[in-house]
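Pasted below: protein-v7.cif, mmCIF, C-alpha atoms and all ligand atoms.
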data_my_file
loop_
_atom_site.group_PDB
_atom_site.id
_atom_site.type_symbol
_atom_site.label_atom_id
_atom_site.label_comp_id
_atom_site.auth_asym_id
_atom_site.auth_seq_id
_atom_site.Cartn_x
_atom_site.Cartn_y
_atom_site.Cartn_z
ATOM 1 C CA MET A 1 0.000 0.000 0.000
ATOM 2 C CA ALA A 2 1.265 3.479 -0.938
ATOM 3 C CA GLU A 3 2.559 5.678 1.842
ATOM 4 C CA PRO A 4 0.015 8.268 3.041
ATOM 5 C CA MET A 5 0.721 11.877 2.028
ATOM 6 C CA LEU A 6 -0.135 12.987 5.546
ATOM 7 C CA GLU A 7 -0.233 10.993 8.710
ATOM 8 C CA LEU A 8 -1.240 12.248 12.126
ATOM 9 C CA ARG A 9 -0.285 10.084 15.063
ATOM 10 C CA ASN A 10 -1.926 10.694 18.427
ATOM 11 C CA LEU A 11 -1.918 14.456 17.909
ATOM 12 C CA ARG A 12 -3.002 16.589 20.830
ATOM 13 C CA LYS A 13 -3.433 20.265 21.622
ATOM 14 C CA ASN A 14 -4.526 21.611 24.950
ATOM 15 C CA TYR A 15 -4.818 25.024 26.543
ATOM 16 C CA GLY A 16 -4.276 24.206 30.210
ATOM 17 C CA ALA A 17 -7.067 21.837 31.172
ATOM 18 C CA LEU A 18 -8.979 22.452 27.917
ATOM 19 C CA VAL A 19 -8.116 19.640 25.502
ATOM 20 C CA VAL A 20 -8.927 20.893 21.990
ATOM 21 C CA THR A 21 -7.580 18.041 19.848
ATOM 22 C CA ASP A 22 -7.262 14.744 21.593
ATOM 23 C CA ASP A 23 -5.254 11.753 20.397
ATOM 24 C CA VAL A 24 -6.061 12.403 16.720
ATOM 25 C CA SER A 25 -4.700 9.699 14.405
ATOM 26 C CA LEU A 26 -5.441 9.928 10.714
ATOM 27 C CA ALA A 27 -3.909 8.953 7.367
ATOM 28 C CA VAL A 28 -4.647 11.042 4.262
ATOM 29 C CA ASN A 29 -3.842 9.220 1.024
ATOM 30 C CA SER A 30 -1.984 10.801 -1.845
ATOM 31 C CA GLY A 31 -4.415 12.508 -4.283
ATOM 32 C CA GLU A 32 -7.315 12.213 -1.867
ATOM 33 C CA LEU A 33 -9.724 15.006 -1.001
ATOM 34 C CA HIS A 34 -10.216 14.383 2.681
ATOM 35 C CA ALA A 35 -12.808 16.455 4.522
ATOM 36 C CA VAL A 36 -12.776 17.052 8.263
ATOM 37 C CA ILE A 37 -16.182 17.923 9.631
ATOM 38 C CA GLY A 38 -17.545 18.403 13.118
ATOM 39 C CA PRO A 39 -19.903 20.585 15.136
ATOM 40 C CA ASN A 40 -18.845 24.125 16.098
ATOM 41 C CA GLY A 41 -15.887 24.200 18.455
ATOM 42 C CA ALA A 42 -14.896 20.580 17.710
ATOM 43 C CA GLY A 43 -11.269 21.584 17.092
ATOM 44 C CA LYS A 44 -11.150 21.542 13.280
ATOM 45 C CA THR A 45 -9.378 24.872 12.811
ATOM 46 C CA THR A 46 -6.973 24.020 15.625
ATOM 47 C CA LEU A 47 -6.132 20.764 13.857
ATOM 48 C CA ILE A 48 -5.422 22.633 10.592
ATOM 49 C CA HIS A 49 -3.212 25.073 12.543
ATOM 50 C CA GLN A 50 -1.305 22.130 14.003
ATOM 51 C CA ILE A 51 -0.817 20.542 10.576
ATOM 52 C CA SER A 52 0.289 23.810 8.940
ATOM 53 C CA GLY A 53 2.693 24.561 11.777
ATOM 54 C CA MET A 54 0.927 27.696 12.930
ATOM 55 C CA LEU A 55 0.346 26.057 16.309
ATOM 56 C CA PRO A 56 2.721 23.672 18.078
ATOM 57 C CA SER A 57 1.221 20.394 19.283
ATOM 58 C CA ASN A 58 1.518 19.256 22.878
ATOM 59 C CA SER A 59 2.135 15.681 21.833
ATOM 60 C CA GLY A 60 1.900 13.334 18.896
ATOM 61 C CA LYS A 61 3.539 13.280 15.502
ATOM 62 C CA ILE A 62 2.870 14.676 12.028
ATOM 63 C CA LEU A 63 4.367 12.822 9.065
ATOM 64 C CA PHE A 64 4.366 14.387 5.612
ATOM 65 C CA ALA A 65 5.209 12.028 2.740
ATOM 66 C CA GLY A 66 6.751 9.765 5.363
ATOM 67 C CA GLU A 67 8.924 12.460 6.942
ATOM 68 C CA ASP A 68 8.446 13.581 10.537
ATOM 69 C CA ILE A 69 7.701 17.331 10.296
ATOM 70 C CA THR A 70 6.348 17.771 13.832
ATOM 71 C CA GLN A 71 9.154 20.121 14.854
ATOM 72 C CA LEU A 72 9.377 22.085 11.586
ATOM 73 C CA SER A 73 8.280 25.729 11.306
ATOM 74 C CA MET A 74 5.463 26.807 8.999
ATOM 75 C CA PRO A 75 7.844 28.116 6.252
ATOM 76 C CA GLN A 76 9.811 24.867 6.419
ATOM 77 C CA ARG A 77 6.561 22.923 5.921
ATOM 78 C CA VAL A 78 5.556 25.171 3.002
ATOM 79 C CA ALA A 79 8.972 24.573 1.414
ATOM 80 C CA LYS A 80 8.302 20.835 1.614
ATOM 81 C CA GLY A 81 4.995 21.246 -0.228
ATOM 82 C CA LEU A 82 2.467 21.574 2.566
ATOM 83 C CA ALA A 83 0.453 24.741 1.931
ATOM 84 C CA ARG A 84 -2.441 26.342 3.635
ATOM 85 C CA SER A 85 -4.692 28.481 1.478
ATOM 86 C CA PHE A 86 -4.103 32.121 2.230
ATOM 87 C CA GLN A 87 -6.928 34.021 3.838
ATOM 88 C CA ILE A 88 -8.706 36.708 1.818
ATOM 89 C CA THR A 89 -7.221 39.252 4.218
ATOM 90 C CA SER A 90 -3.788 38.511 2.757
ATOM 91 C CA ILE A 91 -4.910 39.441 -0.779
ATOM 92 C CA LEU A 92 -3.521 42.819 -1.898
ATOM 93 C CA PRO A 93 -6.622 44.682 -3.153
ATOM 94 C CA GLY A 94 -4.763 47.261 -5.281
ATOM 95 C CA PHE A 95 -2.857 44.612 -7.230
ATOM 96 C CA SER A 96 -4.424 42.607 -10.043
ATOM 97 C CA ALA A 97 -5.350 38.964 -9.515
ATOM 98 C CA LEU A 98 -2.354 38.030 -11.675
ATOM 99 C CA GLU A 99 0.016 40.223 -9.671
ATOM 100 C CA ASN A 100 -1.228 38.691 -6.427
ATOM 101 C CA VAL A 101 -0.385 35.200 -7.675
ATOM 102 C CA SER A 102 2.926 36.398 -9.172
ATOM 103 C CA LEU A 103 3.914 37.808 -5.793
ATOM 104 C CA ALA A 104 3.182 34.454 -4.161
ATOM 105 C CA ILE A 105 5.326 32.693 -6.764
ATOM 106 C CA GLN A 106 8.069 35.222 -6.192
ATOM 107 C CA ALA A 107 7.860 34.701 -2.431
ATOM 108 C CA ARG A 108 8.249 30.954 -3.047
ATOM 109 C CA SER A 109 11.292 31.487 -5.217
ATOM 110 C CA GLY A 110 12.718 33.875 -2.626
ATOM 111 C CA SER A 111 13.632 36.631 -5.101
ATOM 112 C CA SER A 112 13.428 40.364 -4.454
ATOM 113 C CA PHE A 113 10.081 42.083 -4.025
ATOM 114 C CA ARG A 114 10.847 44.682 -6.722
ATOM 115 C CA PHE A 115 10.122 42.714 -9.851
ATOM 116 C CA PHE A 116 7.650 44.828 -11.778
ATOM 117 C CA GLY A 117 9.395 46.658 -14.603
ATOM 118 C CA ASN A 118 11.796 43.903 -15.531
ATOM 119 C CA ALA A 119 10.060 42.355 -18.542
ATOM 120 C CA ALA A 120 11.856 38.996 -18.613
ATOM 121 C CA GLN A 121 11.449 38.477 -14.881
ATOM 122 C CA GLU A 122 7.844 39.577 -15.073
ATOM 123 C CA ARG A 123 7.134 37.036 -17.817
ATOM 124 C CA ALA A 124 8.835 34.283 -15.832
ATOM 125 C CA LEU A 125 6.430 34.996 -12.989
ATOM 126 C CA ASN A 126 3.315 35.810 -14.977
ATOM 127 C CA GLU A 127 3.220 32.615 -17.014
ATOM 128 C CA PRO A 128 3.048 30.229 -14.043
ATOM 129 C CA ALA A 129 0.776 32.726 -12.278
ATOM 130 C CA MET A 130 -1.624 32.629 -15.228
ATOM 131 C CA ASP A 131 -1.513 28.807 -15.086
ATOM 132 C CA CYS A 132 -2.612 28.938 -11.440
ATOM 133 C CA LEU A 133 -5.464 31.325 -12.338
ATOM 134 C CA THR A 134 -6.517 29.016 -15.183
ATOM 135 C CA HIS A 135 -6.576 26.026 -12.798
ATOM 136 C CA VAL A 136 -9.075 27.823 -10.576
ATOM 137 C CA GLY A 137 -11.121 29.247 -13.473
ATOM 138 C CA LEU A 138 -10.132 32.869 -12.944
ATOM 139 C CA SER A 139 -7.953 33.596 -15.987
ATOM 140 C CA ALA A 140 -10.547 35.911 -17.562
ATOM 141 C CA ARG A 141 -10.302 38.126 -14.446
ATOM 142 C CA ALA A 142 -6.482 38.128 -14.304
ATOM 143 C CA HIS A 143 -6.084 41.862 -14.828
ATOM 144 C CA ILE A 144 -8.864 43.030 -12.512
ATOM 145 C CA PRO A 145 -7.676 44.615 -9.254
ATOM 146 C CA ALA A 146 -8.230 41.957 -6.582
ATOM 147 C CA GLY A 147 -10.229 44.405 -4.481
ATOM 148 C CA LEU A 148 -12.889 44.551 -7.211
ATOM 149 C CA LEU A 149 -13.391 40.772 -7.412
ATOM 150 C CA SER A 150 -16.548 39.276 -5.924
ATOM 151 C CA HIS A 151 -16.279 37.347 -2.658
ATOM 152 C CA GLY A 152 -16.387 34.006 -4.504
ATOM 153 C CA GLU A 153 -13.729 35.166 -6.951
ATOM 154 C CA LYS A 154 -11.541 36.199 -4.016
ATOM 155 C CA ARG A 155 -11.929 32.648 -2.708
ATOM 156 C CA GLN A 156 -10.828 31.356 -6.124
ATOM 157 C CA LEU A 157 -7.883 33.761 -6.035
ATOM 158 C CA GLU A 158 -6.998 32.478 -2.581
ATOM 159 C CA LEU A 159 -6.853 28.967 -4.044
ATOM 160 C CA ALA A 160 -4.675 30.176 -6.943
ATOM 161 C CA ILE A 161 -2.298 31.786 -4.428
ATOM 162 C CA GLY A 162 -2.251 28.480 -2.531
ATOM 163 C CA LEU A 163 -1.355 26.659 -5.756
ATOM 164 C CA ALA A 164 1.455 29.131 -6.428
ATOM 165 C CA THR A 165 3.590 27.426 -3.812
ATOM 166 C CA GLU A 166 3.278 24.190 -5.849
ATOM 167 C CA PRO A 167 1.982 22.224 -2.905
ATOM 168 C CA LYS A 168 1.677 18.478 -2.647
ATOM 169 C CA LEU A 169 -0.971 19.018 -0.025
ATOM 170 C CA LEU A 170 -3.346 21.950 0.334
ATOM 171 C CA LEU A 171 -5.115 22.691 3.622
ATOM 172 C CA LEU A 172 -8.390 24.535 3.135
ATOM 173 C CA ASP A 173 -10.251 26.059 6.072
ATOM 174 C CA GLU A 174 -13.856 26.798 5.125
ATOM 175 C CA PRO A 175 -13.363 27.966 1.519
ATOM 176 C CA LEU A 176 -17.142 28.391 1.129
ATOM 177 C CA ALA A 177 -17.640 30.587 4.196
ATOM 178 C CA GLY A 178 -19.417 33.817 3.324
ATOM 179 C CA THR A 179 -20.176 32.871 -0.285
ATOM 180 C CA GLY A 180 -23.674 33.055 -1.763
ATOM 181 C CA HIS A 181 -25.241 30.114 -3.573
ATOM 182 C CA ASP A 182 -23.917 30.858 -7.079
ATOM 183 C CA GLU A 183 -20.478 31.747 -5.790
ATOM 184 C CA SER A 184 -20.302 28.656 -3.653
ATOM 185 C CA GLN A 185 -21.153 26.562 -6.729
ATOM 186 C CA ARG A 186 -18.217 28.166 -8.499
ATOM 187 C CA VAL A 187 -15.805 27.441 -5.661
ATOM 188 C CA VAL A 188 -17.094 23.844 -5.471
ATOM 189 C CA GLU A 189 -16.444 23.469 -9.221
ATOM 190 C CA THR A 190 -12.949 24.870 -8.698
ATOM 191 C CA LEU A 191 -12.272 22.323 -5.967
ATOM 192 C CA ARG A 192 -13.623 19.566 -8.190
ATOM 193 C CA ARG A 193 -11.150 20.639 -10.890
ATOM 194 C CA LEU A 194 -8.263 20.568 -8.437
ATOM 195 C CA LYS A 195 -9.282 17.217 -7.018
ATOM 196 C CA GLY A 196 -6.865 14.423 -7.860
ATOM 197 C CA ARG A 197 -4.110 16.823 -8.958
ATOM 198 C CA LEU A 198 -2.976 17.264 -5.396
ATOM 199 C CA THR A 199 -3.944 16.059 -1.950
ATOM 200 C CA ILE A 200 -6.493 18.283 -0.219
ATOM 201 C CA VAL A 201 -7.588 18.438 3.411
ATOM 202 C CA LEU A 202 -10.820 20.398 3.562
ATOM 203 C CA ILE A 203 -12.651 21.809 6.546
ATOM 204 C CA GLU A 204 -16.109 22.889 5.550
ATOM 205 C CA HIS A 205 -19.490 23.429 7.182
ATOM 206 C CA ASP A 206 -21.416 23.136 3.911
ATOM 207 C CA MET A 207 -22.360 19.469 4.081
ATOM 208 C CA GLU A 208 -23.758 19.343 0.557
ATOM 209 C CA ALA A 209 -20.364 20.451 -0.749
ATOM 210 C CA VAL A 210 -18.471 18.103 1.574
ATOM 211 C CA PHE A 211 -20.499 15.040 0.636
ATOM 212 C CA SER A 212 -20.293 15.784 -3.079
ATOM 213 C CA LEU A 213 -16.542 16.461 -3.119
ATOM 214 C CA ALA A 214 -14.841 14.307 -0.512
ATOM 215 C CA ASP A 215 -13.300 10.893 -1.133
ATOM 216 C CA ARG A 216 -13.349 10.321 2.622
ATOM 217 C CA VAL A 217 -14.668 12.239 5.584
ATOM 218 C CA SER A 218 -13.325 12.364 9.141
ATOM 219 C CA VAL A 219 -15.600 13.511 11.925
ATOM 220 C CA LEU A 220 -14.192 15.417 14.884
ATOM 221 C CA VAL A 221 -16.312 15.800 18.017
ATOM 222 C CA TYR A 222 -14.948 17.491 21.153
ATOM 223 C CA GLY A 223 -11.436 17.094 19.756
ATOM 224 C CA ARG A 224 -11.699 13.354 19.120
ATOM 225 C CA LEU A 225 -12.114 11.609 15.780
ATOM 226 C CA ILE A 226 -15.216 9.464 15.951
ATOM 227 C CA ALA A 227 -15.240 8.259 12.316
ATOM 228 C CA THR A 228 -13.178 8.219 9.115
ATOM 229 C CA ASP A 229 -14.974 6.714 6.155
ATOM 230 C CA THR A 230 -16.573 7.267 2.756
ATOM 231 C CA PRO A 231 -19.190 10.060 2.618
ATOM 232 C CA GLU A 232 -22.023 7.506 2.337
ATOM 233 C CA ARG A 233 -20.946 5.511 5.383
ATOM 234 C CA VAL A 234 -20.257 8.641 7.427
ATOM 235 C CA ARG A 235 -23.688 10.007 6.600
ATOM 236 C CA ALA A 236 -25.298 6.758 7.765
ATOM 237 C CA ASN A 237 -23.151 6.427 10.922
ATOM 238 C CA PRO A 238 -25.443 6.662 13.997
ATOM 239 C CA GLU A 239 -22.705 8.127 16.221
ATOM 240 C CA VAL A 240 -22.092 10.881 13.645
ATOM 241 C CA ARG A 241 -25.800 11.611 13.305
ATOM 242 C CA ALA A 242 -26.111 11.832 17.091
ATOM 243 C CA ALA A 243 -23.210 14.311 17.247
ATOM 244 C CA TYR A 244 -25.032 16.533 14.785
ATOM 245 C CA LEU A 245 -28.434 16.190 16.426
ATOM 246 C CA GLY A 246 -30.051 19.594 16.544
ATOM 247 C CA GLU A 247 -27.653 21.026 13.971
ATOM 248 C CA GLU A 248 -29.530 21.626 10.769
ATOM 249 C CA GLU A 249 -26.456 21.460 8.554
ATOM 250 C CA MET A 250 -26.098 17.642 8.708
ATOM 251 C CA VAL A 251 -27.999 16.518 5.618
HETATM 252 N N1 LIG A 301 -6.035 30.160 21.856
HETATM 253 C C1 LIG A 301 -7.025 29.481 22.485
HETATM 254 N N2 LIG A 301 -7.105 29.489 23.821
HETATM 255 C C2 LIG A 301 -8.077 28.786 24.466
HETATM 256 N N3 LIG A 301 -9.024 28.078 23.835
HETATM 257 C C3 LIG A 301 -9.004 28.036 22.497
HETATM 258 C C4 LIG A 301 -8.005 28.730 21.748
HETATM 259 N N4 LIG A 301 -8.230 28.507 20.426
HETATM 260 C C5 LIG A 301 -9.321 27.704 20.359
HETATM 261 N N5 LIG A 301 -9.777 27.428 21.595
HETATM 262 C C6 LIG A 301 -10.953 26.605 21.908
HETATM 263 O O1 LIG A 301 -10.777 25.354 21.266
HETATM 264 C C7 LIG A 301 -12.009 24.830 20.837
HETATM 265 C C8 LIG A 301 -11.934 24.427 19.382
HETATM 266 O O2 LIG A 301 -11.781 25.592 18.559
HETATM 267 P P1 LIG A 301 -11.644 25.487 16.988
HETATM 268 O O3 LIG A 301 -11.706 26.880 16.474
HETATM 269 O O4 LIG A 301 -10.458 24.673 16.635
HETATM 270 O O5 LIG A 301 -12.963 24.687 16.606
HETATM 271 P P2 LIG A 301 -13.676 24.510 15.184
HETATM 272 O O6 LIG A 301 -14.097 23.099 15.125
HETATM 273 O O7 LIG A 301 -12.794 25.015 14.104
HETATM 274 O O8 LIG A 301 -14.936 25.453 15.356
HETATM 275 P P3 LIG A 301 -15.843 26.185 14.243
HETATM 276 O O9 LIG A 301 -16.475 25.101 13.460
HETATM 277 O O10 LIG A 301 -16.819 26.935 15.086
HETATM 278 O O11 LIG A 301 -14.931 27.072 13.436
HETATM 279 C C9 LIG A 301 -13.062 25.887 21.144
HETATM 280 O O12 LIG A 301 -13.705 25.541 22.340
HETATM 281 C C10 LIG A 301 -12.240 27.139 21.318
HETATM 282 O O13 LIG A 301 -12.881 28.026 22.200
#

For the structure just supplied, provide its representation as structure tokens.
Ligand SMILES: Nc1ncnc2c1ncn2[C@@H]1O[C@H](COP(=O)(O)OP(=O)(O)OP(=O)(O)O)[C@@H](O)[C@H]1O
Amino acid sequence: MAEPMLELRNLRKNYGALVVTDDVSLAVNSGELHAVIGPNGAGKTTLIHQISGMLPSNSGKILFAGEDITQLSMPQRVAKGLARSFQITSILPGFSALENVSLAIQARSGSSFRFFGNAAQERALNEPAMDCLTHVGLSARAHIPAGLLSHGEKRQLELAIGLATEPKLLLLDEPLAGTGHDESQRVVETLRRLKGRLTIVLIEHDMEAVFSLADRVSVLVYGRLIATDTPERVRANPEVRAAYLGEEEMV
């Protein structure tokens, strides 16, 4: 059996007596879109922070493509191909969509910030940047200032910026949050296009999207994983249904 792209072994995060993620063990296969769902406050965002390196874990191990990365910093993890999609707040509104992605590519390559004006350098950045925009379906909006894009388009841009680091694994924390119906459809289509090209760990409250996109779903409740299975089996799991009792979003 192929080695998992990401493996969590007994991962734990606590704030004093408050245990937020508790003994989480999980293997995400290469090329899989793996969703992590759970009621509010279950620890999903904390888990993503632990995987990305934004938060240290109190115990447990994180293996990425077989390598123990538990002690690595966030930039070291990004350099190895583990990216977290940037938040909309990190988009530069006065720069075009293309320039935003070019800047992310430039940051990856570690070259100087002052690149505009040098035609050859600009081309070397713009071509891969345009590829990233095409992957997420935003190429027609490449030259629009990012601040003028709709909320859903900003989410697509966020994904393109995430792709700019050429990740093997992309961590997505609620990419559909704040999008209207049509926009959310567009982001779902974007994720469907990306699916299979790279490994994706997705946290999302929109169950319709989760169940239509995910290869497997893990369910976190009070910091503990209670199930990891196909969408169909997770949906039918009585323990999962009980955890969502009273929450209208479990469909
Ligand atoms: N820095 C912190 N200090 C203390 N408690 C925290 C801290 N960060 C998160 N928590 C607590 O950890 C728990 C899990 O939070 P987290 O944001 O990871 O949950 P979540 O599943 O992502 O929730 P939601 O679905 O509402 O976004 C919550 O009870 C939260 O109050």

Using only C-alpha atoms and all ligand atoms, find each protein or nucleic acid residue lying at most 6 Å from ligand LIG 301 (chain A); present the set as a list in words.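 Listed by chain and ascending number, the contacts are Tyr15, Val20, Pro39, Asn40, Gly41, Ala42, Gly43, Lys44, Thr45 and Thr46 of chain A.
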
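Distance-wise, CA of Glu7 in chain A and CA of Leu172 in chain A end up 16.8 Å apart.
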
Would you work out the distance separating CA of Ala129 in chain A from CA of Phe95 in chain A, expressed in Å to one decimal? 13.4 Å

Give me the result of the PyMOL selection byres (((chain A and resi 105) around 10) and not hetatm) on this file, residue by residue, as a VMD selection string. chain A and resid 99 to 104 106 to 111 124 to 126 128 to 129 132 161 to 166

Choose the residue, out of A:Pro145, A:Leu170, A:Pro231, A:Arg155, that has the smallest atom-to-atom separation from Leu198 in chain A; count all atoms listed in the file.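 Selected residue with least distance to Leu198 in chain A: A:Leu170.
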
Select, from A:Gly94, A:Asn10, A:Gly53, A:Pro75, the residue with the minimum atom-to-atom distance to Gly147 in chain A, counting all atoms listed in the file. A:Gly94

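Here the PyMOL selection byres (((chain A and resi 180-187) around 10) and not hetatm) captures the residues Val136, Gly137, Ser150, His151, Gly152, Glu153, Lys154, Arg155, Gln156, Leu159, Pro175, Leu176, Ala177, Gly178, Thr179, Val188, Glu189, Thr190, Leu191, Arg192, Arg193, Asp206 and Ala209 of chain A.
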
Spatial neighbours of Ile69 in chain A, 10 Å, all atoms listed in the file, chain gap at least 5 places, as an MDAnalysis selection string: chainID A and resid 51:53 61:64 74 76:77 80

Which residue gives the smallest distance to Leu6 in chain A among A:Ser212, A:Ser25, A:Ser85, A:Ser90, with all atoms listed in the file counted?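 Of A:Ser212, A:Ser25, A:Ser85, A:Ser90, the one nearest Leu6 in chain A is A:Ser25, counting all atoms listed in the file.
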
Just how far from CA of Arg197 in chain A is CA of Met54 in chain A, in Å to one decimal?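 Computing the Euclidean distance for CA of Met54 in chain A and CA of Arg197 in chain A yields 25.0 Å.
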
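Distances here use all atoms listed in the file; by that measure, the residue among A:Ser96, A:Asn237, A:Gln50, A:Thr228 closest to Arg84 in chain A is A:Gln50.
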
Using all atoms listed in the file, which protein or nucleic acid residues come within 10 Å of Gly223 in chain A? Drop anything in the same chain fewer than 2 positions from it, and give the result as a list in words. Arg12, Lys13, Asn14, Val19, Val20, Thr21, Asp22, Asp23, Val24, Gly38, Gly41, Ala42, Gly43, Lys44, Thr46, Leu47, Val219, Leu220, Val221, Leu225 and Ile226 of chain A

I need every residue sitting at most 6 Å from the point (6.0, 27.5, 16.3) (coordinates as in the file, all atoms listed in the file considered), written as an NGL selection string. :A and (55-56 or 73)

Produce a file of the selected residues containing C-alpha atoms, as a short mmCIF file (atom, residue, chain, number, x, y, z; two decimals), in the frame of the given file.
data_model
loop_
_atom_site.label_atom_id
_atom_site.label_comp_id
_atom_site.auth_asym_id
_atom_site.auth_seq_id
_atom_site.Cartn_x
_atom_site.Cartn_y
_atom_site.Cartn_z
CA LEU A 55 0.35 26.06 16.31
CA PRO A 56 2.72 23.67 18.08
CA SER A 73 8.28 25.73 11.31
#

I need the residue nearest Ala79 in chain A from this list: A:Leu169, A:Arg224, A:Leu26, A:Ala242. Use all atoms listed in the file for the distance.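 Smallest separation from Ala79 in chain A among the options: A:Leu169.
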